[in-house]
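Remarks on the structure that follows.
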Amino acid sequence: MYTSGGRAATTVCGWGMVVSAGAALACSLGGVSPYPPLVPEVALAGTSALFAVAWAGASCRRPKERDLFADRPRKDRRPRGSGSGGPPGPRGTDAALPYVFGFGVALATIAAFLTVFTPSTARGQWEERMLAAGYGEFEVPVVRLAGEPELVPESQDNDAYYLTDVVVRVPFTAGPREAVVRKLYSAPEPPSPGDEVAVHYAPGAPDGPVTEHDQVEEGALFLNFGLAVWVWPWVVIAGVIMKSQMEPSDLRRLRRFRPAVHLPALGILLTGLVLLLPMALGFSVAGYDQLPAFLASFTPALALTWVVRAS
């Protein structure tokens with residue numbers, strides 16, 4: 001009875017660790033907390049760490065089961081009438097293990113890497129205030145030029161265009177005001193008074209910037225166009241490759257707790273979690289916060305590599 005209870009405890013702790021880690025990844029990639037402190041992400045990652053410790057503890061307390069047939073070849077067990085085809089495929093949780101490990105490592109790596117680019121608390125609060133004040137792109141009239149137009153001649157990569165400092169009239173909610181826009185792009189002629197130009201500003205924040213280019217990041221990181229084009233395909237490819245190299249039978253053996261194999265791997269993952277804390281909670285250690293987060297992005301792959309080599 002104790003053996004059955006010990007097996008159930010290790011299973012619950014193991015899948016609790018996986019589910020908590022998966023939820024932390026989803027929150028990180030979905031931008032649930034747009035700037036530090038990343039409370040949901042840290043809480044879920046901490047819960048996953050607690051489940052990992054509980055899994056290790058339950059595994060150590062569980063009586064060792066003697067396998068009298070460890071050295072004998074195992075016969076395939078099929079239900080009657082199942083035919084004489086090849087060996088049965090993995091079922092249930094065993095079939096999910098290659099996906100959990102393969103894509104889990106790839107997603108954990110990119111989630112830690114994206115944490116490096118999380119805006120600071122002050123920057124995040126400023127962007128939040130701009131968005132609340134209606135920040136966006138609007139057409140405004142040019143009042144006058146604030147300097148001589150600068151001609152950028154035609155080249156192999158671009159046509160000729162002008163960069164001009166202009167004064168525009170911005171209809172803020174509190175009343176219209178004039179603002180200077182630096183290096184406004186125009187082609188094929190420089191702008192003239194009365195022309196309508198597109199600028200970014202927040203109608204409810206007269207103290208905010210008025211610029212030609214967007215200054216506020218909006219939307220979840222994983223929906224960013226650049227990431228969709230340059231990053232996510234490689235994440236999918238890495239996940240597919242790692243999943244294809246993992247046999248369910250090997251993973252069943254790996255998930256049986258062995259201190260010499262799993263404790264160092266858990267230590268590597270906990271080290272990665274600690275390295276993420278300065279960036280996630282908005283503080284620095286010896287003047288660094290982004291560097292530890294960057295180093296943390298390597299720990300999921302290092303932990304998996306250790307488990308594979310030590311097994």
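Ordered as shown in the structure tokens, chains take letters A, B, and onward, while each chain numbers its residues from 1 and ligands are numbered from 1 in the order shown.
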message: With only C-alpha atoms as the counted atoms, please give the residues lying no more than 12 Å from Leu263 (chain A), apart from itself and same-chain residues fewer than 3 positions off, as a list in words.
response: Ala52, Val53, Trp55, Ala56, Gly57, Ser59, Cys60, Phe257, Arg258, Pro259, Ala260, Leu266, Gly267, Ile268, Leu269, Leu270, Ala303, Trp306, Val307 and Ala310 of chain A
Distance query Glu139 (chain A) at most 12 Å, only C-alpha atoms, self and fewer than 3 positions along chain excluded, as a list in words: Gly136, Val142, Val168, Arg169, Val170, Pro171, Gly194, Asp195, Glu196, Val197, Ala198, Val199, His200, Tyr201, Val210, Thr211 and Glu212 of chain A
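If you count only C-alpha atoms and ignore residues fewer than 5 places along the chain from region 231-242 of chain A, what sits within 8 Å of it is Tyr99, Phe101, Gly102, Phe103, Gly104, Val105, Ala106, Leu107, Ile110 and Gly226 of chain A.
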Mind dumping the selected residues with C-alpha atoms as a short mmCIF file (atom, residue, chain, number, x, y, z; two decimals), in the first residue's frame?
data_model
loop_
_atom_site.label_atom_id
_atom_site.label_comp_id
_atom_site.auth_asym_id
_atom_site.auth_seq_id
_atom_site.Cartn_x
_atom_site.Cartn_y
_atom_site.Cartn_z
CA TYR A 99 6.66 16.52 -26.56
CA PHE A 101 10.79 17.44 -22.98
CA GLY A 102 11.46 18.39 -26.61
CA PHE A 103 9.27 21.45 -26.94
CA GLY A 104 9.50 22.29 -23.22
CA VAL A 105 13.26 22.83 -23.43
CA ALA A 106 12.92 24.94 -26.60
CA LEU A 107 10.15 27.11 -25.14
CA ILE A 110 13.20 31.32 -25.66
CA GLY A 226 10.02 40.08 -35.89
#
Test item, helix (DSSP H, G or I) assignment across region 110-298 of chain A, answer as an mmCIF file with N, CA and C atoms, in the first residue's frame:
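Resulting contents of selection.cif:
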data_model
loop_
_atom_site.group_PDB
_atom_site.id
_atom_site.type_symbol
_atom_site.label_atom_id
_atom_site.label_comp_id
_atom_site.auth_asym_id
_atom_site.auth_seq_id
_atom_site.Cartn_x
_atom_site.Cartn_y
_atom_site.Cartn_z
ATOM 1 N N ILE A 110 13.608 30.053 -25.043
ATOM 2 C CA ILE A 110 13.203 31.319 -25.658
ATOM 3 C C ILE A 110 12.516 32.216 -24.638
ATOM 4 N N ALA A 111 11.776 31.638 -23.667
ATOM 5 C CA ALA A 111 11.138 32.457 -22.635
ATOM 6 C C ALA A 111 12.183 33.160 -21.776
ATOM 7 N N ALA A 112 13.232 32.439 -21.393
ATOM 8 C CA ALA A 112 14.312 33.061 -20.610
ATOM 9 C C ALA A 112 15.033 34.115 -21.439
ATOM 10 N N PHE A 113 15.238 33.821 -22.728
ATOM 11 C CA PHE A 113 15.934 34.778 -23.602
ATOM 12 C C PHE A 113 15.110 36.051 -23.772
ATOM 13 N N LEU A 114 13.782 35.928 -23.906
ATOM 14 C CA LEU A 114 12.940 37.110 -24.075
ATOM 15 C C LEU A 114 12.895 37.956 -22.803
ATOM 16 N N THR A 115 13.129 37.319 -21.655
ATOM 17 C CA THR A 115 13.155 38.072 -20.400
ATOM 18 C C THR A 115 14.257 39.126 -20.417
ATOM 19 N N THR A 121 11.038 48.678 -14.970
ATOM 20 C CA THR A 121 9.785 49.066 -14.320
ATOM 21 C C THR A 121 9.395 50.496 -14.683
ATOM 22 N N ALA A 122 10.365 51.411 -14.658
ATOM 23 C CA ALA A 122 10.063 52.815 -14.987
ATOM 24 C C ALA A 122 9.597 52.946 -16.431
ATOM 25 N N ARG A 123 10.280 52.257 -17.357
ATOM 26 C CA ARG A 123 9.883 52.305 -18.762
ATOM 27 C C ARG A 123 8.507 51.690 -18.965
ATOM 28 N N GLY A 124 8.261 50.569 -18.301
ATOM 29 C CA GLY A 124 6.963 49.923 -18.421
ATOM 30 C C GLY A 124 5.836 50.780 -17.894
ATOM 31 N N GLN A 125 6.047 51.437 -16.771
ATOM 32 C CA GLN A 125 5.009 52.313 -16.214
ATOM 33 C C GLN A 125 4.748 53.507 -17.129
ATOM 34 N N TRP A 126 5.830 54.036 -17.744
ATOM 35 C CA TRP A 126 5.662 55.149 -18.675
ATOM 36 C C TRP A 126 4.861 54.723 -19.905
ATOM 37 N N GLU A 127 5.184 53.558 -20.471
ATOM 38 C CA GLU A 127 4.444 53.065 -21.626
ATOM 39 C C GLU A 127 2.988 52.811 -21.269
ATOM 40 N N GLU A 128 2.739 52.278 -20.087
ATOM 41 C CA GLU A 128 1.368 52.035 -19.637
ATOM 42 C C GLU A 128 0.595 53.343 -19.528
ATOM 43 N N ARG A 129 1.257 54.393 -19.032
ATOM 44 C CA ARG A 129 0.594 55.697 -18.918
ATOM 45 C C ARG A 129 0.299 56.281 -20.295
ATOM 46 N N MET A 130 1.222 56.128 -21.238
ATOM 47 C CA MET A 130 0.997 56.633 -22.595
ATOM 48 C C MET A 130 -0.176 55.919 -23.258
ATOM 49 N N LEU A 131 -0.239 54.600 -23.100
ATOM 50 C CA LEU A 131 -1.340 53.842 -23.702
ATOM 51 C C LEU A 131 -2.679 54.241 -23.088
ATOM 52 N N ALA A 132 -2.689 54.469 -21.759
ATOM 53 C CA ALA A 132 -3.925 54.899 -21.100
ATOM 54 C C ALA A 132 -4.360 56.279 -21.583
ATOM 55 N N LEU A 221 4.894 39.657 -26.360
ATOM 56 C CA LEU A 221 6.158 39.434 -27.048
ATOM 57 C C LEU A 221 6.054 38.349 -28.108
ATOM 58 N N PHE A 222 5.292 37.278 -27.797
ATOM 59 C CA PHE A 222 5.285 36.164 -28.730
ATOM 60 C C PHE A 222 4.487 36.473 -29.990
ATOM 61 N N LEU A 223 3.757 37.605 -30.019
ATOM 62 C CA LEU A 223 3.033 38.005 -31.215
ATOM 63 C C LEU A 223 3.807 39.015 -32.037
ATOM 64 N N PHE A 225 6.014 40.698 -34.694
ATOM 65 C CA PHE A 225 6.237 40.262 -36.073
ATOM 66 C C PHE A 225 7.662 39.769 -36.274
ATOM 67 N N GLY A 226 8.636 40.496 -35.724
ATOM 68 C CA GLY A 226 10.021 40.084 -35.889
ATOM 69 C C GLY A 226 10.284 38.712 -35.299
ATOM 70 N N LEU A 227 9.703 38.442 -34.113
ATOM 71 C CA LEU A 227 9.881 37.128 -33.501
ATOM 72 C C LEU A 227 9.207 36.048 -34.335
ATOM 73 N N ALA A 228 8.026 36.377 -34.880
ATOM 74 C CA ALA A 228 7.305 35.398 -35.689
ATOM 75 C C ALA A 228 8.110 34.984 -36.914
ATOM 76 N N VAL A 229 8.888 35.916 -37.459
ATOM 77 C CA VAL A 229 9.640 35.636 -38.686
ATOM 78 C C VAL A 229 10.997 35.009 -38.391
ATOM 79 N N TRP A 230 11.721 35.545 -37.385
ATOM 80 C CA TRP A 230 13.120 35.164 -37.185
ATOM 81 C C TRP A 230 13.361 34.198 -36.037
ATOM 82 N N TRP A 232 10.520 32.206 -33.945
ATOM 83 C CA TRP A 232 9.634 31.073 -33.722
ATOM 84 C C TRP A 232 9.870 29.893 -34.658
ATOM 85 N N PRO A 233 10.199 30.107 -35.952
ATOM 86 C CA PRO A 233 10.509 28.932 -36.777
ATOM 87 C C PRO A 233 11.645 28.086 -36.211
ATOM 88 N N TRP A 234 12.688 28.745 -35.659
ATOM 89 C CA TRP A 234 13.807 27.995 -35.091
ATOM 90 C C TRP A 234 13.395 27.279 -33.808
ATOM 91 N N VAL A 235 12.474 27.885 -33.036
ATOM 92 C CA VAL A 235 11.977 27.216 -31.832
ATOM 93 C C VAL A 235 11.242 25.939 -32.210
ATOM 94 N N VAL A 236 10.385 26.025 -33.236
ATOM 95 C CA VAL A 236 9.637 24.850 -33.686
ATOM 96 C C VAL A 236 10.590 23.785 -34.221
ATOM 97 N N ILE A 237 11.576 24.204 -35.022
ATOM 98 C CA ILE A 237 12.539 23.247 -35.570
ATOM 99 C C ILE A 237 13.311 22.551 -34.448
ATOM 100 N N ALA A 238 13.773 23.344 -33.459
ATOM 101 C CA ALA A 238 14.507 22.750 -32.335
ATOM 102 C C ALA A 238 13.635 21.764 -31.569
ATOM 103 N N GLY A 239 12.366 22.135 -31.343
ATOM 104 C CA GLY A 239 11.466 21.230 -30.636
ATOM 105 C C GLY A 239 11.229 19.941 -31.393
ATOM 106 N N VAL A 240 11.041 20.039 -32.710
ATOM 107 C CA VAL A 240 10.813 18.840 -33.528
ATOM 108 C C VAL A 240 12.050 17.939 -33.505
ATOM 109 N N ILE A 241 13.241 18.537 -33.627
ATOM 110 C CA ILE A 241 14.471 17.735 -33.631
ATOM 111 C C ILE A 241 14.651 17.016 -32.298
ATOM 112 N N MET A 242 14.490 17.752 -31.185
ATOM 113 C CA MET A 242 14.682 17.118 -29.880
ATOM 114 C C MET A 242 13.628 16.049 -29.626
ATOM 115 N N LYS A 243 12.385 16.321 -30.030
ATOM 116 C CA LYS A 243 11.329 15.331 -29.838
ATOM 117 C C LYS A 243 11.612 14.066 -30.631
ATOM 118 N N SER A 244 12.143 14.223 -31.847
ATOM 119 C CA SER A 244 12.415 13.055 -32.685
ATOM 120 C C SER A 244 13.539 12.190 -32.135
ATOM 121 N N PRO A 248 10.136 7.140 -26.093
ATOM 122 C CA PRO A 248 9.338 7.055 -24.858
ATOM 123 C C PRO A 248 9.890 6.070 -23.847
ATOM 124 N N SER A 249 10.468 4.946 -24.325
ATOM 125 C CA SER A 249 11.017 3.962 -23.388
ATOM 126 C C SER A 249 12.185 4.554 -22.604
ATOM 127 N N ASP A 250 13.029 5.353 -23.278
ATOM 128 C CA ASP A 250 14.150 5.991 -22.585
ATOM 129 C C ASP A 250 13.659 7.017 -21.588
ATOM 130 N N LEU A 251 12.626 7.767 -21.946
ATOM 131 C CA LEU A 251 12.113 8.794 -21.044
ATOM 132 C C LEU A 251 11.423 8.185 -19.836
ATOM 133 N N ARG A 252 10.796 7.020 -20.021
ATOM 134 C CA ARG A 252 10.212 6.345 -18.852
ATOM 135 C C ARG A 252 11.299 5.998 -17.850
ATOM 136 N N ARG A 253 12.471 5.588 -18.366
ATOM 137 C CA ARG A 253 13.587 5.261 -17.484
ATOM 138 C C ARG A 253 14.168 6.518 -16.844
ATOM 139 N N LEU A 254 14.197 7.625 -17.607
ATOM 140 C CA LEU A 254 14.768 8.866 -17.082
ATOM 141 C C LEU A 254 13.916 9.473 -15.976
ATOM 142 N N PRO A 259 19.301 10.047 -7.687
ATOM 143 C CA PRO A 259 19.954 11.259 -7.166
ATOM 144 C C PRO A 259 21.140 11.724 -7.993
ATOM 145 N N ALA A 260 21.986 10.794 -8.431
ATOM 146 C CA ALA A 260 23.184 11.198 -9.175
ATOM 147 C C ALA A 260 22.849 11.816 -10.522
ATOM 148 N N VAL A 261 21.667 11.508 -11.054
ATOM 149 C CA VAL A 261 21.259 12.033 -12.357
ATOM 150 C C VAL A 261 20.401 13.284 -12.207
ATOM 151 N N HIS A 262 19.399 13.198 -11.349
ATOM 152 C CA HIS A 262 18.387 14.248 -11.319
ATOM 153 C C HIS A 262 18.712 15.412 -10.389
ATOM 154 N N LEU A 263 19.404 15.168 -9.299
ATOM 155 C CA LEU A 263 19.713 16.279 -8.393
ATOM 156 C C LEU A 263 20.597 17.347 -9.059
ATOM 157 N N PRO A 264 21.666 16.972 -9.789
ATOM 158 C CA PRO A 264 22.419 18.013 -10.498
ATOM 159 C C PRO A 264 21.573 18.748 -11.542
ATOM 160 N N ALA A 265 20.686 18.006 -12.228
ATOM 161 C CA ALA A 265 19.824 18.653 -13.228
ATOM 162 C C ALA A 265 18.888 19.654 -12.566
ATOM 163 N N LEU A 266 18.292 19.273 -11.432
ATOM 164 C CA LEU A 266 17.431 20.210 -10.700
ATOM 165 C C LEU A 266 18.238 21.402 -10.211
ATOM 166 N N GLY A 267 19.481 21.155 -9.795
ATOM 167 C CA GLY A 267 20.333 22.262 -9.363
ATOM 168 C C GLY A 267 20.600 23.241 -10.494
ATOM 169 N N ILE A 268 20.814 22.728 -11.717
ATOM 170 C CA ILE A 268 21.041 23.603 -12.869
ATOM 171 C C ILE A 268 19.802 24.446 -13.158
ATOM 172 N N LEU A 269 18.618 23.801 -13.104
ATOM 173 C CA LEU A 269 17.376 24.537 -13.372
ATOM 174 C C LEU A 269 17.106 25.589 -12.298
ATOM 175 N N LEU A 270 17.367 25.250 -11.029
ATOM 176 C CA LEU A 270 17.173 26.227 -9.957
ATOM 177 C C LEU A 270 18.156 27.384 -10.095
ATOM 178 N N THR A 271 19.367 27.095 -10.550
ATOM 179 C CA THR A 271 20.334 28.165 -10.808
ATOM 180 C C THR A 271 19.813 29.102 -11.893
ATOM 181 N N GLY A 272 19.235 28.530 -12.951
ATOM 182 C CA GLY A 272 18.649 29.358 -14.003
ATOM 183 C C GLY A 272 17.524 30.224 -13.481
ATOM 184 N N LEU A 273 16.688 29.658 -12.596
ATOM 185 C CA LEU A 273 15.594 30.433 -12.019
ATOM 186 C C LEU A 273 16.132 31.596 -11.189
ATOM 187 N N VAL A 274 17.178 31.341 -10.403
ATOM 188 C CA VAL A 274 17.782 32.405 -9.589
ATOM 189 C C VAL A 274 18.383 33.499 -10.477
ATOM 190 N N LEU A 275 19.004 33.092 -11.587
ATOM 191 C CA LEU A 275 19.595 34.069 -12.502
ATOM 192 C C LEU A 275 18.547 34.952 -13.173
ATOM 193 N N LEU A 276 17.326 34.457 -13.291
ATOM 194 C CA LEU A 276 16.252 35.242 -13.904
ATOM 195 C C LEU A 276 15.640 36.259 -12.941
ATOM 196 N N LEU A 277 15.812 36.047 -11.640
ATOM 197 C CA LEU A 277 15.138 36.885 -10.653
ATOM 198 C C LEU A 277 15.496 38.367 -10.745
ATOM 199 N N PRO A 278 16.771 38.767 -10.942
ATOM 200 C CA PRO A 278 17.050 40.208 -11.025
ATOM 201 C C PRO A 278 16.248 40.907 -12.114
ATOM 202 N N MET A 279 16.161 40.313 -13.302
ATOM 203 C CA MET A 279 15.410 40.923 -14.395
ATOM 204 C C MET A 279 13.910 40.831 -14.146
ATOM 205 N N ALA A 280 13.467 39.703 -13.584
ATOM 206 C CA ALA A 280 12.041 39.494 -13.389
ATOM 207 C C ALA A 280 11.468 40.352 -12.266
ATOM 208 N N LEU A 281 12.269 40.641 -11.257
ATOM 209 C CA LEU A 281 11.772 41.406 -10.112
ATOM 210 C C LEU A 281 12.256 42.852 -10.121
ATOM 211 N N GLN A 290 20.496 42.075 -16.977
ATOM 212 C CA GLN A 290 20.278 41.402 -18.255
ATOM 213 C C GLN A 290 21.243 40.240 -18.470
ATOM 214 N N LEU A 291 22.505 40.389 -18.053
ATOM 215 C CA LEU A 291 23.485 39.326 -18.246
ATOM 216 C C LEU A 291 23.082 38.040 -17.526
ATOM 217 N N PRO A 292 22.673 38.076 -16.240
ATOM 218 C CA PRO A 292 22.228 36.828 -15.605
ATOM 219 C C PRO A 292 21.052 36.182 -16.331
ATOM 220 N N ALA A 293 20.103 37.009 -16.828
ATOM 221 C CA ALA A 293 18.966 36.443 -17.562
ATOM 222 C C ALA A 293 19.426 35.775 -18.847
ATOM 223 N N PHE A 294 20.410 36.368 -19.517
ATOM 224 C CA PHE A 294 20.942 35.759 -20.736
ATOM 225 C C PHE A 294 21.595 34.413 -20.426
ATOM 226 N N LEU A 295 22.369 34.349 -19.349
ATOM 227 C CA LEU A 295 23.004 33.086 -18.962
ATOM 228 C C LEU A 295 21.957 32.042 -18.586
ATOM 229 N N ALA A 296 20.837 32.499 -17.999
ATOM 230 C CA ALA A 296 19.781 31.566 -17.592
ATOM 231 C C ALA A 296 19.146 30.870 -18.786
#
- line: Here CA of Val181 (chain A) and CA of Gly147 (chain A) stand apart by 10.9 Å
query: So what do you get for CA of Leu304 (chain A) versus CA of Pro40 (chain A), distance-wise?
result: 25.2 Å
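In this structure, CA of Asp159 (chain A) sits 20.0 Å away from CA of Ser192 (chain A).
Of the residues under consideration (A:Gly22, A:Gly208, A:Met246, A:Ala58), A:Gly22 shows the shortest atom-to-atom contact distance to Glu41 (chain A) when counting only C-alpha atoms.
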